[in-house]
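Student: My structure is below; once you've seen it, I'll send some questions.
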Amino acid sequence: MTTHAVRAVIQRSKASLLTLSRELGINPKKVAKLRKRATVEELKTGPKAPHSTTLTEAEEASIVAHCCRSMTASMRCSPRSRI
């Protein structure tokens with residue numbers, strides 16, 4: 001992880017990637033990546049366009065309806081429901 005100040009130094013410097021990486025103790029690929037950025041702010045990690053991992057409202061309603069029908073049918077057939 002690099003600090004705001006280190007990212008600013010990398011973007012302002014005219015030194016080579018190898019020289020900067022040695023001075024700062026950072027991988028040259030990281031220096032190149034930071035130099036290309038338009039900002040010195042820290043970027044979010046993870047997917048750029050995250051997708052939902054939850055059900056849509058329609059999917060949830062369908063599952064609930066199916067479970068309710070199944071539960072109602074099993075209760076009618078269950079010997080306990082007659083007690």
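Lettering and numbering for the structure tokens are positional, with chains as A, B, ... in the shown order, residues counted from 1 in each chain, and ligands counted from 1 in the shown order.
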Excluding Val40 of chain A and residues on its chain fewer than 2 positions from it, collect all residues at most 10 Å away from it, counting only C-alpha atoms, and give them as a compact mmCIF listing (two decimals) with C-alpha atoms, in the first residue's frame.
Tutor:
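Once everything was written out, this is selection.txt:
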# COMPACT_ATOMS: atom_id res chain seq x y z
CA THR A 2 1.23 3.46 -0.86
CA THR A 3 0.40 6.75 0.80
CA HIS A 4 -1.07 9.82 -0.85
CA ALA A 5 2.33 11.54 -0.59
CA VAL A 6 4.19 8.64 -2.24
CA ARG A 7 1.66 8.53 -5.09
CA ALA A 8 2.10 12.29 -5.59
CA VAL A 9 5.91 11.94 -5.69
CA ILE A 10 5.61 9.17 -8.29
CA GLN A 11 3.31 11.24 -10.52
CA LEU A 34 0.50 4.65 -10.19
CA ARG A 35 2.13 6.99 -12.70
CA ARG A 37 -3.45 7.26 -12.86
CA ALA A 38 -5.21 10.58 -13.23
CA GLU A 42 -6.62 5.58 -3.33
CA LEU A 43 -8.81 3.54 -5.66
Student: Per DSSP on the backbone, filter chain A down to the residues in helix (DSSP H, G or I) and report them as a compact mmCIF listing (two decimals) with N, CA and C atoms, in the first residue's frame.
Tutor:
# COMPACT_ATOMS: atom_id res chain seq x y z
N HIS A 4 -0.73 8.72 0.05
CA HIS A 4 -1.07 9.82 -0.85
C HIS A 4 0.21 10.55 -1.26
N ALA A 5 1.09 10.81 -0.32
CA ALA A 5 2.33 11.54 -0.59
C ALA A 5 3.23 10.77 -1.56
N VAL A 6 3.35 9.46 -1.36
CA VAL A 6 4.19 8.64 -2.24
C VAL A 6 3.60 8.63 -3.65
N ARG A 7 2.29 8.51 -3.77
CA ARG A 7 1.66 8.53 -5.09
C ARG A 7 1.89 9.87 -5.78
N ALA A 8 1.86 10.96 -5.02
CA ALA A 8 2.10 12.29 -5.59
C ALA A 8 3.55 12.41 -6.08
N VAL A 9 4.50 11.91 -5.30
CA VAL A 9 5.91 11.94 -5.69
C VAL A 9 6.10 11.16 -7.00
N ILE A 10 5.48 10.00 -7.09
CA ILE A 10 5.61 9.17 -8.29
C ILE A 10 5.06 9.90 -9.52
N GLN A 11 3.92 10.56 -9.39
CA GLN A 11 3.31 11.24 -10.52
C GLN A 11 4.09 12.50 -10.94
N ARG A 12 4.71 13.18 -9.98
CA ARG A 12 5.48 14.41 -10.30
C ARG A 12 6.88 14.12 -10.81
N LEU A 17 11.26 4.57 -13.98
CA LEU A 17 10.49 3.65 -13.13
C LEU A 17 11.42 2.85 -12.22
N LEU A 18 12.53 2.39 -12.77
CA LEU A 18 13.47 1.58 -11.99
C LEU A 18 14.08 2.39 -10.85
N THR A 19 14.47 3.64 -11.14
CA THR A 19 15.05 4.51 -10.11
C THR A 19 14.05 4.77 -8.99
N LEU A 20 12.83 5.13 -9.36
CA LEU A 20 11.79 5.39 -8.36
C LEU A 20 11.47 4.15 -7.55
N SER A 21 11.37 3.00 -8.21
CA SER A 21 11.04 1.78 -7.49
C SER A 21 12.11 1.43 -6.47
N ARG A 22 13.37 1.67 -6.83
CA ARG A 22 14.47 1.39 -5.88
C ARG A 22 14.45 2.37 -4.71
N GLU A 23 14.24 3.65 -5.02
CA GLU A 23 14.24 4.68 -3.97
C GLU A 23 13.08 4.46 -2.98
N LEU A 24 11.92 4.08 -3.51
CA LEU A 24 10.73 3.96 -2.67
C LEU A 24 10.49 2.54 -2.17
N PRO A 28 8.54 -2.03 -9.70
CA PRO A 28 8.46 -1.13 -10.86
C PRO A 28 7.09 -1.16 -11.56
N LYS A 29 6.43 -2.32 -11.57
CA LYS A 29 5.10 -2.40 -12.18
C LYS A 29 4.11 -1.53 -11.42
N LYS A 30 4.24 -1.50 -10.10
CA LYS A 30 3.35 -0.67 -9.26
C LYS A 30 3.61 0.81 -9.55
N VAL A 31 4.88 1.17 -9.69
CA VAL A 31 5.23 2.56 -10.00
C VAL A 31 4.62 2.96 -11.34
N ALA A 32 4.72 2.09 -12.34
CA ALA A 32 4.16 2.38 -13.66
C ALA A 32 2.65 2.56 -13.58
N LYS A 33 2.00 1.68 -12.82
CA LYS A 33 0.54 1.75 -12.67
C LYS A 33 0.13 3.05 -11.98
N LEU A 34 0.84 3.42 -10.92
CA LEU A 34 0.50 4.65 -10.19
C LEU A 34 0.77 5.89 -11.03
N ARG A 35 1.79 5.84 -11.87
CA ARG A 35 2.13 6.99 -12.70
C ARG A 35 1.05 7.24 -13.77
N LYS A 36 0.39 6.18 -14.22
CA LYS A 36 -0.64 6.31 -15.26
C LYS A 36 -1.95 6.89 -14.72
N GLU A 57 -36.71 -9.38 -6.53
CA GLU A 57 -37.98 -9.48 -5.80
C GLU A 57 -38.87 -10.54 -6.42
N ALA A 58 -38.87 -10.65 -7.74
CA ALA A 58 -39.71 -11.64 -8.42
C ALA A 58 -39.25 -13.07 -8.09
N GLU A 59 -37.92 -13.28 -8.07
CA GLU A 59 -37.39 -14.61 -7.74
C GLU A 59 -37.74 -14.99 -6.31
N GLU A 60 -37.58 -14.04 -5.40
CA GLU A 60 -37.89 -14.30 -4.00
C GLU A 60 -39.38 -14.63 -3.82
N ALA A 61 -40.25 -13.87 -4.47
CA ALA A 61 -41.69 -14.11 -4.37
C ALA A 61 -42.05 -15.49 -4.92
N SER A 62 -41.41 -15.88 -6.00
CA SER A 62 -41.66 -17.19 -6.60
C SER A 62 -41.26 -18.31 -5.64
N ILE A 63 -40.11 -18.17 -4.99
CA ILE A 63 -39.64 -19.19 -4.05
C ILE A 63 -40.55 -19.26 -2.83
N VAL A 64 -40.94 -18.11 -2.31
CA VAL A 64 -41.82 -18.08 -1.14
C VAL A 64 -43.17 -18.72 -1.48
N ALA A 65 -43.71 -18.40 -2.64
CA ALA A 65 -44.99 -18.98 -3.06
C ALA A 65 -44.87 -20.50 -3.19
N HIS A 66 -43.77 -20.96 -3.78
CA HIS A 66 -43.56 -22.41 -3.95
C HIS A 66 -43.45 -23.09 -2.58
N CYS A 67 -42.69 -22.50 -1.68
CA CYS A 67 -42.52 -23.09 -0.34
C CYS A 67 -43.85 -23.11 0.42
N CYS A 68 -44.63 -22.05 0.29
CA CYS A 68 -45.93 -22.01 1.00
C CYS A 68 -46.87 -23.07 0.46
N ARG A 69 -46.89 -23.25 -0.87
CA ARG A 69 -47.74 -24.30 -1.45
C ARG A 69 -47.28 -25.67 -0.97
N SER A 70 -45.98 -25.89 -0.96
CA SER A 70 -45.44 -27.19 -0.51
C SER A 70 -45.74 -27.42 0.95
N MET A 71 -45.58 -26.40 1.78
CA MET A 71 -45.80 -26.53 3.21
C MET A 71 -47.29 -26.81 3.49
N THR A 72 -48.17 -26.11 2.80
CA THR A 72 -49.61 -26.31 2.99
C THR A 72 -49.99 -27.73 2.60
N ALA A 73 -49.48 -28.21 1.49
CA ALA A 73 -49.78 -29.57 1.03
C ALA A 73 -49.26 -30.61 2.01
N SER A 74 -48.06 -30.41 2.54
CA SER A 74 -47.49 -31.40 3.46
C SER A 74 -48.23 -31.38 4.80
N MET A 75 -48.75 -30.24 5.21
CA MET A 75 -49.48 -30.17 6.47
C MET A 75 -50.81 -30.90 6.36
N ARG A 76 -51.44 -30.86 5.17
CA ARG A 76 -52.70 -31.57 4.98
C ARG A 76 -52.49 -33.08 5.05
N CYS A 77 -51.33 -33.51 4.59
CA CYS A 77 -51.05 -34.95 4.53
C CYS A 77 -50.43 -35.45 5.83
N PRO A 79 -49.85 -36.61 9.58
CA PRO A 79 -50.68 -37.12 10.66
C PRO A 79 -50.75 -36.14 11.84
N ARG A 80 -49.74 -35.33 12.04
CA ARG A 80 -49.71 -34.38 13.16
C ARG A 80 -50.76 -33.30 12.98
N SER A 81 -51.06 -32.95 11.73
CA SER A 81 -52.02 -31.88 11.51
C SER A 81 -53.44 -32.28 11.93
N ARG A 82 -53.69 -33.55 12.11
CA ARG A 82 -55.02 -34.03 12.52
C ARG A 82 -55.15 -34.09 14.04
